[in-house]
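Engineer: Please read through the structure below; I'll follow up with questions.
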Amino acid sequence: MDGIIEIKNVVKTYKLYDKPLERLKEALSFTHKIYHKEFKALNGISLKVNKGDAIGILGKNGSGKSTLLKLITGVLSPTSGTIEVRGKISAILELGAGFNPEYSGKENIYLNGLMMGYTREEIDQRMNDIISFADIGDFIEQPVKIYSSGMFARLAFAVSINVEPDILIVDEALAVGDVRFQTKCIDKMKELKSQGTTILFVSHATEQVKRFCNNAIWLKDGVIQATGESSEIVDLYEDFMKYSTEYKSGKETQLEQSVLESPQIDFVKPDDPTILASITNVKLNKERFKTFDELIVEVEYEVYEDIIDDLLLGVAIYTPDREYIFGPNTHLEKIDIPNTLGRHKVQYIIPSLPLLGGTFCIDVGIFNNEGIVCLSYKESAKEFVITNKYISEGLVYMKHRWEVIQ
Ligand SMILES: Nc1ncnc2c1ncn2[C@@H]1O[C@H](COP(=O)(O)OP(=O)(O)OP(=O)(O)O)[C@@H](O)[C@H]1O
């Protein structure tokens with residue numbers, strides 16, 4: 001089936017001038033001298049949106065979100081590439097766009113409705129719904145130039161969602177309303193969604209995107225960095241914003257290559273007699289997980305003494321900013337590990353990872369004397385990412401139940 005919006009290889013270039021005068025100089029130049037630099041706000045965007053999709057658009061300031069939405073609504077045209085839209089769009093892009101400041105709220109409702117192709121009679125039929133949704137009292141008869149930004153948002157929203165669009169575009173408009181109004185808008189957007197309206201939704205409130213949208217795209221420097229199920233993309237995006245970890249492809253490997261990059265050489269005792277043991281390799285079963293997946297950390301280590309008493313292995317999980325989450329060791333759990341001369345491998349297995357979304361690091365250490373003397377320690381030996389469907393909020397999923405008492 002064809003998408004309701006199809007974008008193919010779209011580039012949008014802006015001309016940047018160092019001084020405003022240079023724009024004029026360029027326009028008047030007989031020799032066609034170029035005074036501008038070119039800046040690609042969008043660089044090769046391809047996207048297909050299906051009818052009934054609710055798509056969240058994520059990206060930090062300047063990543064190209066508004067430019068993309070303006071291209072879809074036709075306010076801007078692309079420098080190259082094609083955009084096809086099959087349906088009536090209602091958009092709240094910038095508050096105030098499409099409103100005449102001198103007109104009253106009511107007159108602006110007519111203005112907007114007519115611009116969307118409705119007749120006066122059709123607008124009259126919807127007028128009461130729009131006014132009651134906006135809920136700004138007598139201000140509806142006042143010129144909108146005296147409105148607060150909150151009132152403006154109410155009116156703009158009321159108009160946009162009461163005109164039965166095929167595609168509703170909401171760019172950060174909710175942020176200005178109060179919580180009660182936001183709830184009302186989300187409820188109305190849900191209603192539209194259930195009736196098959198396609199929704200494009202830009203919000204810095206990523207939880208809203210997670211809850212409301214089925215899919216999301218993450219724009220970075222004018223290109224689509226990742227696209228997919230909304231809560232997975234939100235997790236990746238939030239991680240990037242917190243830790244600047246680059247998105248890695250979701251390819252799952254059997255046991256991936258060690259970060260320690262030690263080549264597989266024969267076991268050789270080091271010359272340095274103070275080195276009693278050493279961690280030589282750490283592998284994970286994959287680098288991207290979902291909550292409740294099995295995590296396997298395989299630790300390879302070498303012992304250079306005939307025997308090391310009380311040898312213990314610890315594996316710890318941290319957040320990238322070194323918040324300690326969990327760190328058991330073989331001594332505490334009375335597990336014997338090989339402690340004689342040679343190379344050994346031990347697996348640490350969490351059958352069902354309770355961690356919710358995010359990036360995590362694994363430290364690995366071998367010790368003796370109940371963990372007091374460290375023989376070898378690898379900080380952040382491996383890193384893994386957890387992305388999920390929206391199942392809960394917080395850091396870990398705890399077993400729980402609910403009971404209704406009354
Ligand atoms: N008319 C313009 N002329 C020149 N550059 C522009 C113009 N409009 C936008 N840009 C630049 O294009 C880039 C993308 O801007 P855009 O407004 O699409 O980003 P955004 O993701 O919506 O940002 P924000 O979250 O701050 O609204 C930015 O670097 C911006 O400075």
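To be explicit about the labels: the chains of the structure tokens are called A, B, and onward in the order shown, and within each one the residues are counted from 1, while ligands get numbers from 1 in the order they are shown.
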Need the shell around region 285-298 of chain A: protein/DNA/RNA residues with any atom at most 6 Å away, counting only C-alpha atoms. Skip same-chain ones fewer than 2 positions apart. Format as a VMD selection string?
Structural biologist: chain A and resid 252 to 255 282 to 283 346 to 356 384 to 388
Engineer: Region 109-207 of chain A near region 221-238 of chain A within 12 Å: what's each residue's closest atom pair and its distance in Å to one decimal, counting only C-alpha atoms, ordered by chain then ascending residue number, as a tab-separated table?
Structural biologist:
residue	atom	partner	partner_atom	distance
A:Phe201	CA	A:Ser230	CA	11.5
A:Ser203	CA	A:Val234	CA	11.2
A:His204	CA	A:Glu238	CA	10.4
A:Ala205	CA	A:Val234	CA	10.0
A:Thr206	CA	A:Val234	CA	6.3
A:Glu207	CA	A:Val234	CA	8.0
Engineer: Quick one: distance from CA of Phe99 (chain A) to CA of Ile123 (chain A) in Å, one decimal?
Structural biologist: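 Pair CA of Phe99 (chain A) / CA of Ile123 (chain A) returns 15.8 Å.
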Engineer: Would you mind listing what lies within 12 Å of Asn128 (chain A) as an NGL selection string, with only C-alpha atoms counted and same-chain residues fewer than 6 positions away left out?
Structural biologist: :A and (106 or 109 or 122 or 134-135 or 140 or 158-159 or 162)
Engineer: List all protein, DNA and RNA residues that have at least one atom no more than 12 Å from any atom of ligand 1, counting only C-alpha atoms and all ligand atoms, and write them as an NGL selection string.
Structural biologist: :A and (11-18 or 20 or 23 or 36-43 or 57-71 or 75-77 or 93-94 or 170-173 or 201-205 or 218-224)
Engineer: I need the chosen residues saved as a PDB file, in the first residue's frame, with C-alpha atoms.
Structural biologist:
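As written to disk, result_15.pdb reads:
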ATOM      1  CA  VAL A  11      17.605  17.712   0.668  1.00  0.00           C
ATOM      2  CA  LYS A  12      16.870  21.198   1.979  1.00  0.00           C
ATOM      3  CA  THR A  13      19.636  23.722   1.616  1.00  0.00           C
ATOM      4  CA  TYR A  14      19.535  27.156   3.202  1.00  0.00           C
ATOM      5  CA  LYS A  15      21.675  30.020   2.038  1.00  0.00           C
ATOM      6  CA  LEU A  16      23.614  31.609   4.868  1.00  0.00           C
ATOM      7  CA  TYR A  17      24.867  35.169   4.613  1.00  0.00           C
ATOM      8  CA  ASP A  18      27.375  36.636   7.060  1.00  0.00           C
ATOM      9  CA  PRO A  20      22.065  40.895   5.779  1.00  0.00           C
ATOM     10  CA  ARG A  23      21.878  39.022   0.368  1.00  0.00           C
ATOM     11  CA  HIS A  36      26.412  33.025   0.573  1.00  0.00           C
ATOM     12  CA  LYS A  37      27.487  29.725   2.065  1.00  0.00           C
ATOM     13  CA  GLU A  38      25.189  26.748   1.705  1.00  0.00           C
ATOM     14  CA  PHE A  39      23.925  24.819   4.682  1.00  0.00           C
ATOM     15  CA  LYS A  40      22.098  21.507   4.389  1.00  0.00           C
ATOM     16  CA  ALA A  41      19.397  21.499   7.074  1.00  0.00           C
ATOM     17  CA  LEU A  42      18.147  18.158   5.710  1.00  0.00           C
ATOM     18  CA  ASN A  43      20.431  15.859   3.819  1.00  0.00           C
ATOM     19  CA  ILE A  57      10.049  13.132  15.696  1.00  0.00           C
ATOM     20  CA  LEU A  58      13.027  13.423  18.005  1.00  0.00           C
ATOM     21  CA  GLY A  59      16.184  15.424  17.655  1.00  0.00           C
ATOM     22  CA  LYS A  60      18.037  18.145  19.468  1.00  0.00           C
ATOM     23  CA  ASN A  61      17.715  21.845  18.587  1.00  0.00           C
ATOM     24  CA  GLY A  62      18.699  22.534  15.015  1.00  0.00           C
ATOM     25  CA  SER A  63      18.541  18.907  13.869  1.00  0.00           C
ATOM     26  CA  GLY A  64      15.969  19.721  11.182  1.00  0.00           C
ATOM     27  CA  LYS A  65      12.602  18.748  12.738  1.00  0.00           C
ATOM     28  CA  SER A  66      10.749  21.981  11.916  1.00  0.00           C
ATOM     29  CA  THR A  67      12.259  22.092   8.448  1.00  0.00           C
ATOM     30  CA  LEU A  68      10.975  18.572   7.784  1.00  0.00           C
ATOM     31  CA  LEU A  69       7.479  19.439   8.997  1.00  0.00           C
ATOM     32  CA  LYS A  70       7.411  22.661   6.954  1.00  0.00           C
ATOM     33  CA  LEU A  71       8.341  20.662   3.862  1.00  0.00           C
ATOM     34  CA  VAL A  75       5.319  25.922   3.668  1.00  0.00           C
ATOM     35  CA  LEU A  76       8.799  25.214   2.253  1.00  0.00           C
ATOM     36  CA  SER A  77       9.808  23.324  -0.865  1.00  0.00           C
ATOM     37  CA  LEU A  93       3.865  24.585  13.527  1.00  0.00           C
ATOM     38  CA  GLU A  94       4.812  27.852  15.127  1.00  0.00           C
ATOM     39  CA  VAL A 170       1.931  19.056  16.182  1.00  0.00           C
ATOM     40  CA  ASP A 171       5.253  20.812  16.681  1.00  0.00           C
ATOM     41  CA  GLU A 172       5.985  21.428  20.363  1.00  0.00           C
ATOM     42  CA  ALA A 173       2.636  23.189  20.749  1.00  0.00           C
ATOM     43  CA  PHE A 201       4.368  14.782  16.737  1.00  0.00           C
ATOM     44  CA  VAL A 202       7.468  16.729  17.739  1.00  0.00           C
ATOM     45  CA  SER A 203       8.093  16.925  21.437  1.00  0.00           C
ATOM     46  CA  HIS A 204      11.087  17.276  23.679  1.00  0.00           C
ATOM     47  CA  ALA A 205       9.015  15.418  26.268  1.00  0.00           C
ATOM     48  CA  TRP A 218      15.456  10.469  15.344  1.00  0.00           C
ATOM     49  CA  LEU A 219      16.950  13.288  13.304  1.00  0.00           C
ATOM     50  CA  LYS A 220      20.572  14.216  13.788  1.00  0.00           C
ATOM     51  CA  ASP A 221      22.315  16.925  11.778  1.00  0.00           C
ATOM     52  CA  GLY A 222      19.710  16.699   9.035  1.00  0.00           C
ATOM     53  CA  VAL A 223      19.796  12.936   8.547  1.00  0.00           C
ATOM     54  CA  ILE A 224      17.695  10.130   9.992  1.00  0.00           C
TER      55      ILE A 224
END
Engineer: Near His331 (chain A), within 9 Å and counting only C-alpha atoms, which residues show up once chain neighbours fewer than 2 positions away are dropped, as a ChimeraX atom specification?
Structural biologist: /A:310-314,328-329,333-336,370-371
